[in-house]
$ cat final.txt   # compact mmCIF, C-alpha atoms and all ligand atoms
# COMPACT_ATOMS: atom_id res chain seq x y z
CA MET A 1 0.00 0.00 0.00
CA VAL A 2 1.30 3.42 -0.93
CA ASP A 3 1.43 5.84 1.97
CA HIS A 4 1.52 9.61 1.67
CA GLU A 5 4.62 9.77 3.77
CA ILE A 6 7.89 10.34 1.95
CA LEU A 7 10.58 7.79 2.75
CA LEU A 8 13.38 9.06 0.52
CA GLU A 9 13.90 12.56 -0.81
CA VAL A 10 16.79 13.68 -2.99
CA LYS A 11 17.15 17.43 -3.51
CA LYS A 12 19.34 19.22 -6.03
CA LEU A 13 21.89 16.44 -5.99
CA HIS A 14 25.21 16.84 -7.80
CA VAL A 15 27.79 14.06 -8.02
CA GLY A 16 31.05 14.01 -9.94
CA TYR A 17 34.06 11.86 -10.55
CA GLY A 18 36.89 14.38 -10.48
CA ALA A 19 36.21 16.77 -13.33
CA ILE A 20 33.39 14.61 -14.74
CA LYS A 21 29.96 15.79 -13.63
CA ALA A 22 27.81 12.66 -13.64
CA ILE A 23 24.74 14.01 -11.80
CA LYS A 24 23.73 17.61 -12.37
CA GLY A 25 21.13 18.69 -9.86
CA ILE A 26 18.45 16.02 -9.67
CA ASP A 27 15.35 15.94 -7.46
CA LEU A 28 13.38 12.80 -6.72
CA PHE A 29 11.32 11.23 -3.98
CA VAL A 30 9.95 7.85 -3.01
CA LYS A 31 6.88 7.45 -0.81
CA LYS A 32 6.49 4.64 1.68
CA GLY A 33 5.14 1.53 -0.03
CA GLU A 34 5.90 2.72 -3.56
CA VAL A 35 7.90 1.05 -6.28
CA VAL A 36 9.75 3.79 -8.18
CA THR A 37 11.91 3.22 -11.22
CA ILE A 38 14.72 5.26 -12.77
CA LEU A 39 15.10 4.74 -16.50
CA GLY A 40 17.90 5.96 -18.70
CA ALA A 41 20.45 5.02 -21.32
CA ASN A 42 23.92 3.66 -20.57
CA GLY A 43 26.01 6.28 -18.82
CA ALA A 44 23.00 8.44 -17.86
CA GLY A 45 24.00 8.33 -14.20
CA LYS A 46 21.61 5.76 -12.77
CA THR A 47 24.18 3.71 -10.86
CA THR A 48 25.87 6.92 -9.67
CA THR A 49 22.53 8.12 -8.27
CA LEU A 50 21.85 4.86 -6.44
CA ARG A 51 25.38 4.62 -5.06
CA THR A 52 25.18 8.18 -3.76
CA ILE A 53 21.82 7.55 -2.08
CA SER A 54 23.20 4.50 -0.28
CA GLY A 55 26.35 6.33 0.81
CA LEU A 56 28.86 4.59 -1.46
CA LEU A 57 29.65 7.85 -3.27
CA LYS A 58 29.83 11.38 -1.92
CA SER A 59 27.78 14.17 -3.44
CA THR A 60 29.28 17.56 -4.20
CA GLU A 61 26.00 19.44 -3.65
CA GLY A 62 22.45 18.75 -2.58
CA SER A 63 20.80 16.74 0.16
CA ILE A 64 19.36 13.31 0.78
CA LEU A 65 16.70 12.65 3.40
CA PHE A 66 15.76 9.15 4.47
CA ASP A 67 13.02 8.29 6.92
CA LYS A 68 12.87 11.94 8.02
CA GLY A 69 16.59 12.19 8.75
CA GLU A 70 19.39 13.81 6.81
CA ILE A 71 21.75 11.16 5.40
CA THR A 72 23.76 13.30 2.98
CA ASN A 73 27.30 11.89 2.98
CA THR A 74 26.56 9.51 5.88
CA ALA A 75 28.72 6.35 5.76
CA ALA A 76 27.21 3.44 3.85
CA HIS A 77 27.19 1.04 6.82
CA ASP A 78 25.29 3.58 8.93
CA ILE A 79 22.73 3.98 6.15
CA VAL A 80 22.25 0.19 6.08
CA SER A 81 21.53 0.30 9.82
CA LEU A 82 18.88 2.97 9.18
CA GLY A 83 17.01 0.51 6.97
CA MET A 84 18.28 0.94 3.42
CA SER A 85 19.63 -2.00 1.46
CA HIS A 86 21.35 -1.85 -1.94
CA SER A 87 21.62 -4.78 -4.33
CA PRO A 88 24.41 -3.63 -6.68
CA GLU A 89 24.78 -3.86 -10.44
CA GLY A 90 26.29 -7.23 -11.39
CA ARG A 91 25.80 -10.31 -9.29
CA LYS A 92 28.04 -9.77 -6.34
CA VAL A 93 27.55 -12.93 -4.31
CA PHE A 94 30.23 -14.67 -2.27
CA GLY A 95 31.07 -17.56 -4.61
CA THR A 96 32.82 -19.76 -2.07
CA LEU A 97 30.01 -19.56 0.45
CA SER A 98 26.74 -21.48 0.29
CA VAL A 99 23.40 -19.89 -0.58
CA GLU A 100 22.37 -19.97 3.07
CA GLU A 101 25.66 -18.43 4.24
CA ASN A 102 25.28 -15.65 1.67
CA LEU A 103 21.79 -14.89 2.96
CA LEU A 104 22.98 -14.82 6.57
CA MET A 105 25.68 -12.31 5.60
CA GLY A 106 22.85 -9.98 4.58
CA ALA A 107 21.50 -10.02 8.13
CA TYR A 108 24.67 -8.75 9.75
CA THR A 109 22.99 -5.60 11.00
CA LEU A 110 20.38 -7.61 12.91
CA LYS A 111 21.27 -8.66 16.41
CA SER A 112 20.27 -12.25 16.02
CA HIS A 113 19.75 -13.95 12.73
CA ASP A 114 16.19 -14.38 11.98
CA ALA A 115 14.82 -17.79 10.94
CA GLU A 116 11.52 -16.17 10.06
CA THR A 117 13.10 -13.78 7.54
CA LEU A 118 15.06 -16.65 6.03
CA ALA A 119 11.84 -18.66 5.65
CA TRP A 120 10.13 -15.63 4.07
CA ILE A 121 12.93 -15.27 1.52
CA TYR A 122 12.82 -18.97 0.67
CA LYS A 123 9.07 -18.63 0.13
CA ILE A 124 9.50 -15.70 -2.30
CA LEU A 125 12.54 -17.24 -3.99
CA PRO A 126 11.92 -21.02 -3.75
CA ARG A 127 14.83 -21.78 -6.08
CA LEU A 128 17.15 -20.64 -3.30
CA LYS A 129 15.61 -23.05 -0.79
CA GLU A 130 16.24 -25.99 -3.12
CA ARG A 131 19.87 -24.89 -3.30
CA GLU A 132 20.53 -23.65 0.22
CA LYS A 133 23.69 -25.72 0.67
CA GLN A 134 25.04 -25.16 -2.85
CA LEU A 135 28.05 -22.88 -3.31
CA ALA A 136 26.87 -19.53 -4.66
CA GLY A 137 29.61 -19.53 -7.32
CA THR A 138 28.04 -22.59 -8.95
CA LEU A 139 24.55 -21.06 -9.26
CA SER A 140 23.32 -19.95 -12.67
CA GLY A 141 23.33 -16.23 -13.45
CA GLY A 142 19.64 -15.84 -12.70
CA GLU A 143 19.93 -17.77 -9.46
CA GLN A 144 22.84 -15.58 -8.37
CA GLN A 145 20.75 -12.50 -9.05
CA MET A 146 17.92 -13.96 -6.96
CA LEU A 147 20.44 -14.62 -4.21
CA ALA A 148 21.72 -11.03 -4.36
CA ILE A 149 18.13 -9.79 -3.95
CA GLY A 150 17.47 -12.28 -1.15
CA ARG A 151 20.59 -11.15 0.67
CA ALA A 152 19.57 -7.52 0.32
CA ILE A 153 16.23 -8.13 2.05
CA MET A 154 17.68 -10.21 4.91
CA SER A 155 18.25 -6.98 6.84
CA LYS A 156 14.48 -6.30 6.59
CA PRO A 157 15.02 -2.94 4.93
CA LYS A 158 12.49 -0.14 4.71
CA LEU A 159 13.91 0.69 1.29
CA LEU A 160 15.33 -1.82 -1.17
CA ILE A 161 17.50 -0.37 -3.94
CA LEU A 162 17.99 -2.58 -6.98
CA ASP A 163 20.45 -1.77 -9.77
CA GLU A 164 19.54 -3.70 -12.93
CA PRO A 165 18.33 -6.93 -11.33
CA SER A 166 17.47 -8.47 -14.70
CA LEU A 167 20.77 -7.66 -16.42
CA GLY A 168 21.87 -10.43 -18.77
CA LEU A 169 19.05 -12.80 -17.89
CA ALA A 170 16.88 -14.82 -20.26
CA PRO A 171 13.26 -13.55 -20.56
CA VAL A 172 11.86 -16.42 -18.50
CA LEU A 173 14.18 -15.57 -15.59
CA VAL A 174 13.41 -11.87 -15.95
CA LYS A 175 9.76 -12.72 -15.27
CA GLY A 176 10.73 -14.62 -12.13
CA ILE A 177 12.85 -11.73 -10.83
CA PHE A 178 10.07 -9.18 -11.41
CA LYS A 179 7.54 -11.48 -9.75
CA ALA A 180 9.81 -11.76 -6.71
CA ILE A 181 10.26 -7.97 -6.53
CA LYS A 182 6.49 -7.52 -6.69
CA GLU A 183 6.07 -9.93 -3.79
CA ILE A 184 8.75 -8.15 -1.78
CA SER A 185 6.93 -4.87 -2.39
CA GLU A 186 3.61 -6.41 -1.37
CA ASN A 187 5.27 -7.43 1.87
CA GLY A 188 5.74 -3.78 2.79
CA VAL A 189 9.22 -3.04 1.42
CA THR A 190 9.53 0.20 -0.55
CA VAL A 191 11.53 -0.29 -3.76
CA LEU A 192 13.71 1.97 -5.91
CA ILE A 193 14.74 0.11 -9.06
CA VAL A 194 16.96 0.90 -12.03
CA GLU A 195 16.31 -1.19 -15.12
CA GLN A 196 17.26 -1.37 -18.79
CA ASN A 197 14.09 -3.37 -19.24
CA ALA A 198 11.95 -0.22 -19.20
CA LYS A 199 8.63 -1.83 -20.03
CA ALA A 200 8.84 -4.46 -17.30
CA ALA A 201 10.04 -1.85 -14.81
CA LEU A 202 7.16 0.53 -15.58
CA LYS A 203 4.63 -2.31 -15.36
CA LEU A 204 5.91 -3.08 -11.88
CA ALA A 205 6.40 0.50 -10.67
CA ASP A 206 3.96 3.13 -9.44
CA ARG A 207 6.06 6.00 -10.79
CA GLY A 208 9.17 6.61 -12.79
CA TYR A 209 11.90 9.10 -13.58
CA VAL A 210 13.92 9.33 -16.78
CA LEU A 211 17.55 10.33 -16.41
CA GLU A 212 19.50 11.70 -19.37
CA LEU A 213 23.12 12.80 -19.01
CA GLY A 214 22.79 13.44 -15.30
CA LYS A 215 19.47 15.30 -15.42
CA ILE A 216 15.88 14.20 -14.95
CA THR A 217 14.07 14.89 -18.19
CA HIS A 218 10.71 13.19 -17.54
CA GLU A 219 8.77 12.01 -14.54
CA GLY A 220 5.31 10.72 -13.92
CA SER A 221 3.12 7.78 -13.05
CA SER A 222 4.07 4.57 -14.79
CA GLU A 223 0.91 4.81 -16.84
CA GLU A 224 1.81 8.30 -18.03
CA LEU A 225 5.31 7.20 -18.97
CA LEU A 226 4.10 4.02 -20.72
CA ASN A 227 1.70 6.12 -22.79
CA SER A 228 4.13 8.93 -23.57
CA LYS A 229 5.24 9.04 -27.22
CA VAL A 230 8.70 10.33 -26.31
CA ILE A 231 9.27 7.54 -23.79
CA GLN A 232 7.86 4.93 -26.16
CA GLU A 233 10.25 5.97 -28.90
CA ALA A 234 13.33 6.35 -26.70
CA TYR A 235 12.90 3.53 -24.20
CA LEU A 236 10.14 1.14 -25.16
CA GLY A 237 11.32 0.28 -28.65
CA LYS A 238 8.27 1.63 -30.47
CA LYS A 239 8.74 3.19 -33.90
CA LYS A 240 7.40 6.64 -34.82
N1 LIG B 301 34.50 5.63 -11.23
C1 LIG B 301 34.25 6.48 -12.22
N2 LIG B 301 35.17 7.37 -12.66
C2 LIG B 301 34.91 8.25 -13.65
N3 LIG B 301 33.73 8.32 -14.29
C3 LIG B 301 32.78 7.46 -13.92
C4 LIG B 301 32.98 6.48 -12.86
N4 LIG B 301 31.84 5.77 -12.73
C5 LIG B 301 30.99 6.25 -13.63
N5 LIG B 301 31.53 7.26 -14.35
C6 LIG B 301 30.88 8.04 -15.42
O1 LIG B 301 29.70 8.64 -14.92
C7 LIG B 301 28.65 8.57 -15.88
C8 LIG B 301 27.45 7.86 -15.28
O2 LIG B 301 27.78 6.50 -15.03
P1 LIG B 301 26.76 5.48 -14.35
O3 LIG B 301 27.50 4.23 -14.08
O4 LIG B 301 26.10 6.15 -13.21
O5 LIG B 301 25.70 5.28 -15.52
P2 LIG B 301 24.46 4.29 -15.64
O6 LIG B 301 23.29 5.12 -15.99
O7 LIG B 301 24.36 3.44 -14.44
O8 LIG B 301 24.86 3.43 -16.93
P3 LIG B 301 24.61 1.87 -17.26
O9 LIG B 301 23.22 1.79 -17.79
O10 LIG B 301 25.61 1.61 -18.34
O11 LIG B 301 24.84 1.07 -16.03
C9 LIG B 301 29.24 7.87 -17.10
O12 LIG B 301 29.61 8.84 -18.02
C10 LIG B 301 30.45 7.14 -16.54
O13 LIG B 301 31.46 7.03 -17.51
MG MG B 302 24.51 1.41 -14.11

$ encode --input "final.txt" --output "structure tokens"
Amino acid sequence: MVDHEILLEVKKLHVGYGAIKAIKGIDLFVKKGEVVTILGANGAGKTTTLRTISGLLKSTEGSILFDKGEITNTAAHDIVSLGMSHSPEGRKVFGTLSVEENLLMGAYTLKSHDAETLAWIYKILPRLKEREKQLAGTLSGGEQQMLAIGRAIMSKPKLLILDEPSLGLAPVLVKGIFKAIKEISENGVTVLIVEQNAKAALKLADRGYVLELGKITHEGSSEELLNSKVIQEAYLGKKK
């Protein structure tokens, strides 16, 4: 259920890599219970935005508010403790650890590890349950991506940030990933997702932003964006 309360608010954010200005003054917000997507071409600044929100990169200007508190340039591990979890681009699982061990690593901010959360994740991502003792490095690409998502929700975050969860996956696995994200959202986790697969992302999301060369050029409800001619031509593969 979408609340009126704002969980994440980014204001006039600027981020650069040395002389390169990757993000040039963006504003965005995510309400509690929403799924919000950021669309954009390669190099638009999507990953930079997500990494700055979760404290992995420092901004040069602007502010970030999370759960009513200022988190601008707060250390990443402190932001995790506040209830934000980031599943990074690429499948970064610990290959020499089992599926179960990888999931337990995701719960490191919780005082005791939580059998109930583990059971919940296995229910949403049953493929992981079947393979709980298997080494993560031997999972297929899609299974590793599911594991990365599972690990990100082990800390029971208020906000789950996903950077291209369907990257490089076959269409049938993409469906499975999006279904899992929908279920996670229905379980009360707010989601901010970056996706190349714009159509699937907009079908899942409540609202979306389009990022072009470090600036937000369009924003609106998913329905508005799906029906927009400009978005259709640029991101949804429809011809003029
Ligand atoms: N570590 C870095 N050093 C210098 N420039 C960087 C660095 N990381 C990213 N950039 C530049 O910042 C810009 C935004 O990159 P970013 O990774 O945020 O894009 P993206 O939208 O996530 O792209 P993709 O869809 O390819 O993942 C790009 O021009 C990129 O070359
Ligand atoms: Mg990226």

$ residues_near_ligand --input "final.txt" --ligand "ligand LIG 301 (chain B)" --cutoff "7 Å" --atoms "all atoms listed in the file" --output "list of chain:residue names"
A:Tyr17, A:Ile20, A:Ala22, A:Gly40, A:Ala41, A:Asn42, A:Gly43, A:Ala44, A:Gly45, A:Lys46, A:Thr47, A:Thr48, A:Thr49, A:Gln196

$ closest_residue --input "final.txt" --among "A:Arg51, A:His86, A:Lys215, A:Arg91" --to "ligand MG 302 (chain B)" --atoms "all atoms listed in the file"
A:Arg51

$ closest_residue --input "final.txt" --among "A:Ala119, A:Val30, A:Ala170, A:Leu160" --to "Leu65 of chain A" --atoms "all atoms listed in the file"
A:Val30

$ closest_residue --input "final.txt" --among "A:Gly62, A:Gly25, A:Gly168, A:Gly106" --to "Thr217 of chain A" --atoms "all atoms listed in the file"
A:Gly25

$ atom_distance --input "final.txt" --atom1 "atom CA of Ser222 of chain A" --atom2 "atom CA of Asp163 of chain A"
18.3 Å

$ atom_distance --input "final.txt" --atom1 "atom CA of Leu13 of chain A" --atom2 "atom CA of Gly214 of chain A"
9.8 Å

$ build_atoms --input "final.txt" --residues "segment 21-39 of chain A" --atoms "N, CA and C atoms" --output "CSV table (one decimal), keeping the file's coordinate frame"
chain,number,residue,atom,x,y,z
A,21,LYS,N,31.2,15.6,-14.4
A,21,LYS,CA,30.0,15.8,-13.6
A,21,LYS,C,28.9,14.8,-14.1
A,22,ALA,N,28.7,13.8,-13.2
A,22,ALA,CA,27.8,12.7,-13.6
A,22,ALA,C,26.4,13.0,-13.3
A,23,ILE,N,26.1,13.7,-12.2
A,23,ILE,CA,24.7,14.0,-11.8
A,23,ILE,C,24.7,15.5,-11.6
A,24,LYS,N,23.7,16.1,-12.3
A,24,LYS,CA,23.7,17.6,-12.4
A,24,LYS,C,22.5,18.2,-11.8
A,25,GLY,N,22.3,18.0,-10.5
A,25,GLY,CA,21.1,18.7,-9.9
A,25,GLY,C,19.8,18.0,-10.0
A,26,ILE,N,19.7,16.7,-9.5
A,26,ILE,CA,18.4,16.0,-9.7
A,26,ILE,C,17.6,16.1,-8.4
A,27,ASP,N,16.3,16.0,-8.6
A,27,ASP,CA,15.4,15.9,-7.5
A,27,ASP,C,14.5,14.7,-7.7
A,28,LEU,N,14.3,13.9,-6.6
A,28,LEU,CA,13.4,12.8,-6.7
A,28,LEU,C,12.9,12.4,-5.3
A,29,PHE,N,11.8,11.7,-5.3
A,29,PHE,CA,11.3,11.2,-4.0
A,29,PHE,C,10.7,9.9,-4.1
A,30,VAL,N,10.6,9.1,-3.0
A,30,VAL,CA,10.0,7.8,-3.0
A,30,VAL,C,9.1,7.8,-1.8
A,31,LYS,N,7.8,7.5,-2.0
A,31,LYS,CA,6.9,7.4,-0.8
A,31,LYS,C,6.9,6.1,-0.2
A,32,LYS,N,6.6,6.0,1.0
A,32,LYS,CA,6.5,4.6,1.7
A,32,LYS,C,5.5,3.7,0.9
A,33,GLY,N,6.0,2.5,0.6
A,33,GLY,CA,5.1,1.5,0.0
A,33,GLY,C,5.2,1.6,-1.5
A,34,GLU,N,5.8,2.6,-2.1
A,34,GLU,CA,5.9,2.7,-3.6
A,34,GLU,C,7.0,1.8,-4.2
A,35,VAL,N,6.8,1.5,-5.5
A,35,VAL,CA,7.9,1.0,-6.3
A,35,VAL,C,8.2,2.2,-7.3
A,36,VAL,N,9.4,2.7,-7.3
A,36,VAL,CA,9.8,3.8,-8.2
A,36,VAL,C,10.9,3.3,-9.0
A,37,THR,N,10.8,3.6,-10.3
A,37,THR,CA,11.9,3.2,-11.2
A,37,THR,C,12.6,4.4,-11.8
A,38,ILE,N,13.9,4.3,-12.1
A,38,ILE,CA,14.7,5.3,-12.8
A,38,ILE,C,15.2,4.6,-14.1
A,39,LEU,N,14.7,5.2,-15.2
A,39,LEU,CA,15.1,4.7,-16.5
A,39,LEU,C,16.2,5.6,-17.1
